[in-house]
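Below is one structure; the comments refer to it alone.
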Amino acid sequence: MSAAPPARGVPGRTPVTPVVVRLKLSLLRNGLRQSAGRRAAYAVSVAFALLFAALLLIGLIALRGTAHATSVTVLLVAVLALGWAVMPLFFPSGDETLDPTRLAMLPLHPRPLVRALLAASLVGAGPLFTLCVLTGSVTAVARGPAAYAVAVVAVPLGLLLCVTLARAVAAANIRLLTSRKGRDLAVLSGLVIAIGAQVVNFGAQQLGSAGLGRLDPAAEVLGWVPPASAVGAVDAVGEGAYGGGAARLALTALALAVLLALWSRSLTRLMTSPDGSTLPGAEQGARDRPRSAGLGRLLPGGRTGTIMERSLRYVWRDPKTKAAWVTSLAIGLIVPVFNALQGTGSVYFACFAAGMLGIQMYNQFGQDTSAFWMVALTISSSRDAYVELRGRALALLMITLPYATLVTVLTTAMLGDWPALPEALGLSFALLGAMLATGAWCSARFPYSIPQEGYKNAAPGQAGLAWISIFGGMVAAALLCLPVIALGIWLHVTPGGGDRTWLLLPLGTAYGAGIGVLGLRLAAPRTARRLPEILAAVSKG
Amino acid sequence: MTEGSAGAAAVRVRGLTKRFGEQVAVAGIDLELPAGRFIGLVGPNGAGKTTTLSMVTGLLRPDAGTVEVVGHDVWRDPVEVKARIGVLPEGLRLFERLSGHELLTYTGRLRGLPGAEVDKRATQLLDVLDLAGARHKLVVDYSTGMRKKIGLAAALLHNPGILFLDEPFEGVDPVSAQTIRGVLERYTASGATVVFSSHVMELVESLCDWVAVMAAGRIRAHGPLAEVRGDAPSLQRAFLELVGAGSRDAGTDLDWLGGGAG
């Protein structure tokens, strides 16, 4: 739209930088023009980012002179850099100028192109935010004129390094990001943020209770890692360590040079080799992987093994299923272990792992999407349905049993409460069995669709069904565990019973197994009777 | 696997009805499909073809009516029916995170075939359908034509007596279409029954020897191709007459269109 000068000159002589910067601005403007909602969302998010940046800036300047200023700023910059590194992987569609293959038809030399793209990358709320954080950080740690002089170099260096990092990562992975695998990866991104939030939350709690001094060793190391080393340099010079300061600054500059070189190399490769989309099946031969044998050999034969194999493959290959599993595995580990770390934990928290993983048994057929018809056509009796459900439960157990055991042992080890281990394990297994039972029944009774795109886990109009299924099921599972829990309490309150809590391991395991099988038996005829209804319910995604 | 001689009914449908809310998708149809024929179920979009085929194959529960496949009730006797039919539905996914070969292995084993036999059949089907080169590629990365072909392979794997295909040629390139055709012709030549739906009349005319014409949830005509076609020069003409679209003439409307005027 804006007037770029007609590029008739010798390639490389025309200034590319203003053109690319204007292109970026146009893309931004046109993107916002599409809808008022998008405009509003953008305005609000930019306002928030800038407000946050301003507060951060003020906060960092206020930190000036305090004992842990260096540690906090160094860590902050390191986290920010990490954000820049992973951003293009999870939000590949965010910036079209990130995709250099779109410029492949233009006669551009890599060097001016890198310069132009770098300049374009500096336009936007992200770089402005980073600039605020960096400025605040160096202000917080700078002491003396020499330090300020270094800061004048360190801030732009750090900013360029962050932006280059994002560009280099994007260019190196562009093939991946524009393919189906890239879109699969994007489904997982919400998850990384969720788990990251858990870790940050825990870290903040730790700091709240243990003091900022805990950060010092980590900051000591990170102060040498670019781009946090830029802040480290300012700090070192402020303390009079000119040699260390110069070394850190040099390290930052070196990292920038290396990243620029790497980026330039991937750009050249991308722009001189054919686009991935025009090379159908070129890699097919290479991907001829006869690898199914390994997994198949471990599993039982017949229908059971076939079902287990498919279920386990989906845990790994289907982004939605994988995201659900990783969430369960992570939360199942984080809750008991972090609580144990904080000293507020109990061995019984380890049951959380079994509970979280048991959720995966819910909505089994929804996980199939409308491909459930392939299953439905092979179920003609309650027996078939039973084998189908049992296969899925066994696949689940292959992961959950070892994992729940591991988490329980780990939690026990951290708390040093070894006598409680058998009891906690017994409770875990009983809960797992109850979750499998209710999960199988809910799969047959309350199936719902899982949309394959985006972050939603239930199709529009079926969210209520999903809540009923999962929460009702979990409450039911807890109630089903009551006999085992009651036995545990009874053993604890009975004089001398405390020595016999190990009984809960065999009894809980047997109870879990029994109730699991019972649940499958009850769910099977219901599944066999309701095949068309289940298919209709899971095909809405 | 063929049961009964030609002329006996492979599928017998009585009073089959399905409503979605206010809309009547299938309005009580009666139909007998002869065994050993290549049968086309034709009709415009929204005629109820997919709904009918879904109910006949047991994937959708009818509001009323009965369906018998080779004499067995689809809903009361699923064991007998499901072993005898192969299905390729339209608009439903496959297990797309499996490779082509894995999908066939999975389907075959669920159907109760022994491992070695599944492997042999899968390899042969992949070869015949030109999918051998893509057998280790995930189905999610397949093109439309490849998906139809792998779906057909999965439907044929257990050598069913009757094959139900919903729009098997929709969105398929000419080369894949020819391959699918070849496989289906070979299959019916051995005495098996194929029932497929389509709205492409030329295709149905060249492939089928028996057709049923559907429109607005009802069967308008059925019988051997020549009988349904009657005096009309092509099935297309006969079909347009049957569904009441034959007399519509675009001649007087849009008279401004064409000729490069202005």
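Order determines the names: the first chain of the structure tokens is A, the second B, and so forth; residues in each chain are numbered 1 upward, and ligands are numbered 1 upward as they are shown.
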Set out as a tab-separated table a contact list for chain B and chain A with a cut-off of 7 Å, giving each residue of chain B that qualifies its closest atom pair and distance in Å to one decimal, counting only C-alpha atoms, ordered by chain and rising residue number.
```
residue	atom	partner	partner_atom	distance
B:Leu59	CA	A:Pro532	CA	5.1
B:Leu60	CA	A:Pro532	CA	5.0
B:Arg61	CA	A:Pro532	CA	6.0
B:Pro78	CA	A:Ser380	CA	5.1
B:Val79	CA	A:Ser380	CA	4.9
B:Lys82	CA	A:Leu377	CA	6.2
B:Leu92	CA	A:Ser370	CA	5.3
B:Arg93	CA	A:Ala371	CA	4.6
B:Leu94	CA	A:Ala371	CA	4.6
B:Phe95	CA	A:Ala371	CA	5.6
B:Arg97	CA	A:Arg317	CA	6.1
B:Tyr106	CA	A:Thr306	CA	6.1
B:Arg109	CA	A:Arg303	CA	6.1
B:Leu110	CA	A:Arg303	CA	5.5
B:Arg111	CA	A:Thr378	CA	6.1
B:His136	CA	A:Asp288	CA	5.9
```
Close residues, Leu520 of chain A itself excluded, 10 Å, only C-alpha atoms, min 3 positions apart in chain, as a PyMOL selection string
chain A and resi 385-390+393+436-441+515-517+523-525+527
List every residue of segment 122-258 of chain B that DSSP, applied to the backbone of this structure, assigns to helix (DSSP H, G or I), and report them as JSON, numbers by chain.
{"B": [122, 123, 124, 125, 126, 127, 128, 132, 133, 134, 139, 140, 141, 144, 145, 146, 147, 148, 149, 150, 151, 152, 153, 154, 155, 156, 174, 175, 176, 177, 178, 179, 180, 181, 182, 183, 184, 185, 186, 187, 188, 189, 201, 202, 203, 204, 205, 206, 207, 225, 226, 227, 228, 229, 235, 236, 237, 238, 239, 240, 241, 242]}
One decimal place gives the atom CA of Leu431 of chain A-atom CA of Ala510 of chain A separation as 11.4 Å
Between atom CA of Val243 of chain B and atom CA of Thr52 of chain B - distance in Å to one decimal:
17.7 Å
Write out as a list of chain:residue names the residues lying within 9 Å of Leu138 of chain B, counting only C-alpha atoms and excluding same-chain residues fewer than 2 positions away.
B:Glu96, B:Arg97, B:Leu98, B:Ser99, B:Gly100, B:Glu102, B:Ala134, B:Arg135, B:His136, B:Val140, B:Asp141, B:Tyr142
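If you look at atom CA of Thr411 of chain A and atom CA of Phe352 of chain A, they are 11.1 Å away from each other.
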Could you list, as a ChimeraX atom specification, every residue within 12 Å of Thr188 of chain B, counting only C-alpha atoms and ignoring same-chain residues fewer than 2 positions away?
/B:1-2,6,35-39,156,159-163,181-186,190-195,207-209
Those residues with N, CA and C atoms, as a tab-separated table (two decimals), in the first residue's frame please?
```tsv
chain	number	residue	atom	x	y	z
B	1	MET	N	-18.28	-65.35	0.21
B	1	MET	CA	-19.14	-64.70	1.18
B	1	MET	C	-20.50	-64.30	0.61
B	2	THR	N	-20.67	-64.40	-0.67
B	2	THR	CA	-21.95	-63.94	-1.20
B	2	THR	C	-23.03	-64.90	-0.78
B	6	ALA	N	-28.03	-64.18	-7.42
B	6	ALA	CA	-28.36	-62.84	-7.90
B	6	ALA	C	-29.87	-62.69	-7.94
B	35	ALA	N	-28.63	-58.65	-4.45
B	35	ALA	CA	-27.25	-59.04	-4.17
B	35	ALA	C	-26.47	-59.19	-5.47
B	36	GLY	N	-25.15	-59.06	-5.36
B	36	GLY	CA	-24.27	-59.29	-6.50
B	36	GLY	C	-24.31	-58.21	-7.56
B	37	ARG	N	-24.84	-57.06	-7.22
B	37	ARG	CA	-24.91	-55.97	-8.21
B	37	ARG	C	-24.02	-54.81	-7.78
B	38	PHE	N	-23.78	-53.94	-8.76
B	38	PHE	CA	-23.09	-52.68	-8.50
B	38	PHE	C	-24.19	-51.63	-8.42
B	39	ILE	N	-24.52	-51.21	-7.21
B	39	ILE	CA	-25.72	-50.40	-7.00
B	39	ILE	C	-25.37	-48.95	-6.72
B	156	LEU	N	-12.32	-53.01	2.80
B	156	LEU	CA	-12.23	-54.27	2.05
B	156	LEU	C	-11.46	-55.36	2.79
B	159	ASN	N	-12.75	-58.74	3.66
B	159	ASN	CA	-13.48	-59.34	2.55
B	159	ASN	C	-14.98	-59.43	2.82
B	160	PRO	N	-15.63	-58.29	2.96
B	160	PRO	CA	-17.06	-58.30	3.27
B	160	PRO	C	-17.89	-58.70	2.04
B	161	GLY	N	-19.09	-59.18	2.29
B	161	GLY	CA	-19.97	-59.54	1.18
B	161	GLY	C	-20.62	-58.32	0.57
B	162	ILE	N	-20.83	-57.30	1.37
B	162	ILE	CA	-21.45	-56.08	0.88
B	162	ILE	C	-20.61	-54.88	1.29
B	163	LEU	N	-20.41	-53.98	0.34
B	163	LEU	CA	-19.60	-52.80	0.60
B	163	LEU	C	-20.48	-51.57	0.45
B	181	ARG	N	-12.00	-47.39	-9.03
B	181	ARG	CA	-12.92	-48.05	-9.96
B	181	ARG	C	-12.48	-49.45	-10.28
B	182	GLY	N	-11.19	-49.57	-10.60
B	182	GLY	CA	-10.64	-50.88	-10.95
B	182	GLY	C	-10.86	-51.88	-9.84
B	183	VAL	N	-10.55	-51.47	-8.62
B	183	VAL	CA	-10.68	-52.37	-7.47
B	183	VAL	C	-12.15	-52.77	-7.28
B	184	LEU	N	-13.06	-51.79	-7.39
B	184	LEU	CA	-14.48	-52.07	-7.17
B	184	LEU	C	-15.02	-53.00	-8.25
B	185	GLU	N	-14.58	-52.79	-9.50
B	185	GLU	CA	-15.08	-53.65	-10.58
B	185	GLU	C	-14.62	-55.08	-10.39
B	186	ARG	N	-13.37	-55.23	-9.97
B	186	ARG	CA	-12.86	-56.57	-9.72
B	186	ARG	C	-13.65	-57.23	-8.59
B	190	SER	N	-16.56	-60.72	-8.71
B	190	SER	CA	-16.50	-61.97	-7.96
B	190	SER	C	-17.82	-62.28	-7.27
B	191	GLY	N	-18.85	-61.45	-7.48
B	191	GLY	CA	-20.16	-61.75	-6.93
B	191	GLY	C	-20.54	-60.95	-5.70
B	192	ALA	N	-19.66	-60.06	-5.27
B	192	ALA	CA	-19.97	-59.25	-4.09
B	192	ALA	C	-20.87	-58.07	-4.49
B	193	THR	N	-21.46	-57.44	-3.48
B	193	THR	CA	-22.37	-56.33	-3.74
B	193	THR	C	-21.71	-55.01	-3.34
B	194	VAL	N	-21.84	-54.00	-4.19
B	194	VAL	CA	-21.36	-52.66	-3.83
B	194	VAL	C	-22.56	-51.72	-3.84
B	195	VAL	N	-22.73	-50.98	-2.77
B	195	VAL	CA	-23.75	-49.93	-2.75
B	195	VAL	C	-23.01	-48.62	-2.56
B	207	LEU	N	-20.77	-47.03	-14.12
B	207	LEU	CA	-20.33	-48.07	-13.18
B	207	LEU	C	-21.43	-49.04	-12.79
B	208	CYS	N	-22.65	-48.53	-12.61
B	208	CYS	CA	-23.68	-49.33	-11.94
B	208	CYS	C	-24.56	-50.08	-12.92
B	209	ASP	N	-25.12	-51.19	-12.42
B	209	ASP	CA	-26.13	-51.88	-13.22
B	209	ASP	C	-27.49	-51.80	-12.54
```
Exercise: Val87 of chain B partners within 7 Å, only C-alpha atoms, chain neighbours under 5 positions left out, as number ranges by chain:
B: 155, 163-165
Neighbour list for Pro34 of chain B as an MDAnalysis selection string, cut-off 9 Å, only C-alpha atoms, skip fewer than 5 positions in-chain:
chainID B and resid 6:12 39 193 210
Residues as selected, C-alpha atoms, written as a PDB file, in the first residue's frame, can you do that?
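Saved file part-v1.pdb follows:
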```pdb
ATOM      1  CA  ALA B   6     -28.362 -62.836  -7.897  1.00  0.00           C
ATOM      2  CA  GLY B   7     -31.801 -61.371  -7.480  1.00  0.00           C
ATOM      3  CA  ALA B   8     -32.066 -62.169  -3.767  1.00  0.00           C
ATOM      4  CA  ALA B   9     -32.022 -59.112  -1.549  1.00  0.00           C
ATOM      5  CA  ALA B  10     -28.706 -58.045  -0.064  1.00  0.00           C
ATOM      6  CA  VAL B  11     -30.378 -55.222   1.809  1.00  0.00           C
ATOM      7  CA  ARG B  12     -34.051 -54.931   2.701  1.00  0.00           C
ATOM      8  CA  ILE B  39     -25.725 -50.403  -6.998  1.00  0.00           C
ATOM      9  CA  THR B 193     -22.371 -56.327  -3.744  1.00  0.00           C
ATOM     10  CA  TRP B 210     -28.801 -51.053 -10.652  1.00  0.00           C
TER      11      TRP B 210
END
```
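Residues within 10 Å of Leu131 of chain A, counting only C-alpha atoms and excluding same-chain residues fewer than 4 positions away, are Ala53, Leu57, Leu122, Ala125, Gly126, Pro127, Thr135, Gly136, Ser137, Val155, Pro156, Gly158, Leu159 and Leu160 of chain A.
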Could you write out that same residue set with all heavy atoms as a compact mmCIF listing (two decimals), in the first residue's frame?
```txt
# COMPACT_ATOMS: atom_id res chain seq x y z
N ALA A 53 5.13 -2.97 31.70
CA ALA A 53 6.52 -2.59 31.49
C ALA A 53 6.87 -1.35 32.31
O ALA A 53 7.94 -1.28 32.92
CB ALA A 53 6.76 -2.33 30.00
N LEU A 57 9.52 -1.12 35.18
CA LEU A 57 10.60 -0.14 35.10
C LEU A 57 10.72 0.61 36.42
O LEU A 57 11.81 0.72 37.00
CB LEU A 57 10.31 0.84 33.96
CG LEU A 57 11.39 1.85 33.61
CD1 LEU A 57 12.65 1.14 33.14
CD2 LEU A 57 10.91 2.79 32.53
N LEU A 122 12.42 -4.84 15.47
CA LEU A 122 12.47 -3.93 16.61
C LEU A 122 11.20 -3.10 16.74
O LEU A 122 11.01 -2.38 17.71
CB LEU A 122 13.69 -3.00 16.49
CG LEU A 122 15.04 -3.71 16.68
CD1 LEU A 122 16.17 -2.78 16.34
CD2 LEU A 122 15.18 -4.20 18.11
N ALA A 125 5.35 -4.00 20.28
CA ALA A 125 5.22 -3.86 21.73
C ALA A 125 6.26 -4.72 22.45
O ALA A 125 6.77 -4.31 23.49
CB ALA A 125 3.81 -4.26 22.15
N GLY A 126 6.57 -5.89 21.88
CA GLY A 126 7.52 -6.80 22.53
C GLY A 126 8.88 -6.16 22.75
O GLY A 126 9.40 -6.14 23.87
N PRO A 127 9.49 -5.63 21.67
CA PRO A 127 10.79 -4.98 21.85
C PRO A 127 10.72 -3.79 22.81
O PRO A 127 11.65 -3.58 23.60
CB PRO A 127 11.14 -4.51 20.44
CG PRO A 127 10.38 -5.40 19.54
CD PRO A 127 9.13 -5.75 20.26
N THR A 135 16.31 -1.42 30.47
CA THR A 135 16.67 -0.12 31.01
C THR A 135 16.52 -0.12 32.53
O THR A 135 17.42 0.34 33.26
CB THR A 135 15.78 0.98 30.40
OG1 THR A 135 15.78 0.81 28.99
CG2 THR A 135 16.27 2.36 30.74
N GLY A 136 15.38 -0.66 32.99
CA GLY A 136 15.15 -0.74 34.43
C GLY A 136 16.23 -1.56 35.11
O GLY A 136 16.76 -1.18 36.17
N SER A 137 16.60 -2.67 34.49
CA SER A 137 17.58 -3.57 35.09
C SER A 137 18.92 -2.90 35.25
O SER A 137 19.54 -2.96 36.32
CB SER A 137 17.73 -4.83 34.23
OG SER A 137 16.52 -5.52 34.18
N VAL A 155 22.41 -2.06 26.96
CA VAL A 155 20.96 -2.12 26.70
C VAL A 155 20.65 -2.43 25.23
O VAL A 155 19.93 -3.40 24.95
CB VAL A 155 20.27 -0.82 27.17
CG1 VAL A 155 18.83 -0.77 26.66
CG2 VAL A 155 20.30 -0.73 28.68
N PRO A 156 21.21 -1.66 24.28
CA PRO A 156 20.91 -2.02 22.89
C PRO A 156 21.42 -3.40 22.52
O PRO A 156 20.77 -4.14 21.77
CB PRO A 156 21.62 -0.94 22.07
CG PRO A 156 22.39 -0.12 23.00
CD PRO A 156 21.98 -0.42 24.38
N GLY A 158 21.67 -6.02 24.47
CA GLY A 158 20.74 -7.01 25.03
C GLY A 158 19.47 -7.09 24.21
O GLY A 158 18.96 -8.18 23.90
N LEU A 159 18.95 -5.94 23.81
CA LEU A 159 17.72 -5.89 23.03
C LEU A 159 17.91 -6.59 21.69
O LEU A 159 17.11 -7.45 21.28
CB LEU A 159 17.29 -4.44 22.82
CG LEU A 159 16.03 -4.22 22.01
CD1 LEU A 159 14.85 -4.86 22.70
CD2 LEU A 159 15.76 -2.74 21.80
N LEU A 160 19.03 -6.24 21.01
CA LEU A 160 19.30 -6.86 19.71
C LEU A 160 19.45 -8.37 19.86
O LEU A 160 18.97 -9.14 19.03
CB LEU A 160 20.59 -6.28 19.12
CG LEU A 160 20.45 -4.89 18.50
CD1 LEU A 160 21.81 -4.38 18.06
CD2 LEU A 160 19.49 -4.93 17.32
```
Could you pull out the strand (DSSP E or B) residues of segment 9-236 of chain B, going by DSSP on the backbone, and write them as a PyMOL selection string?
chain B and resi 9-20+23-34+38-42+64-69+72-73+85-88+99+138+162-166+193-198+210-215+218-224
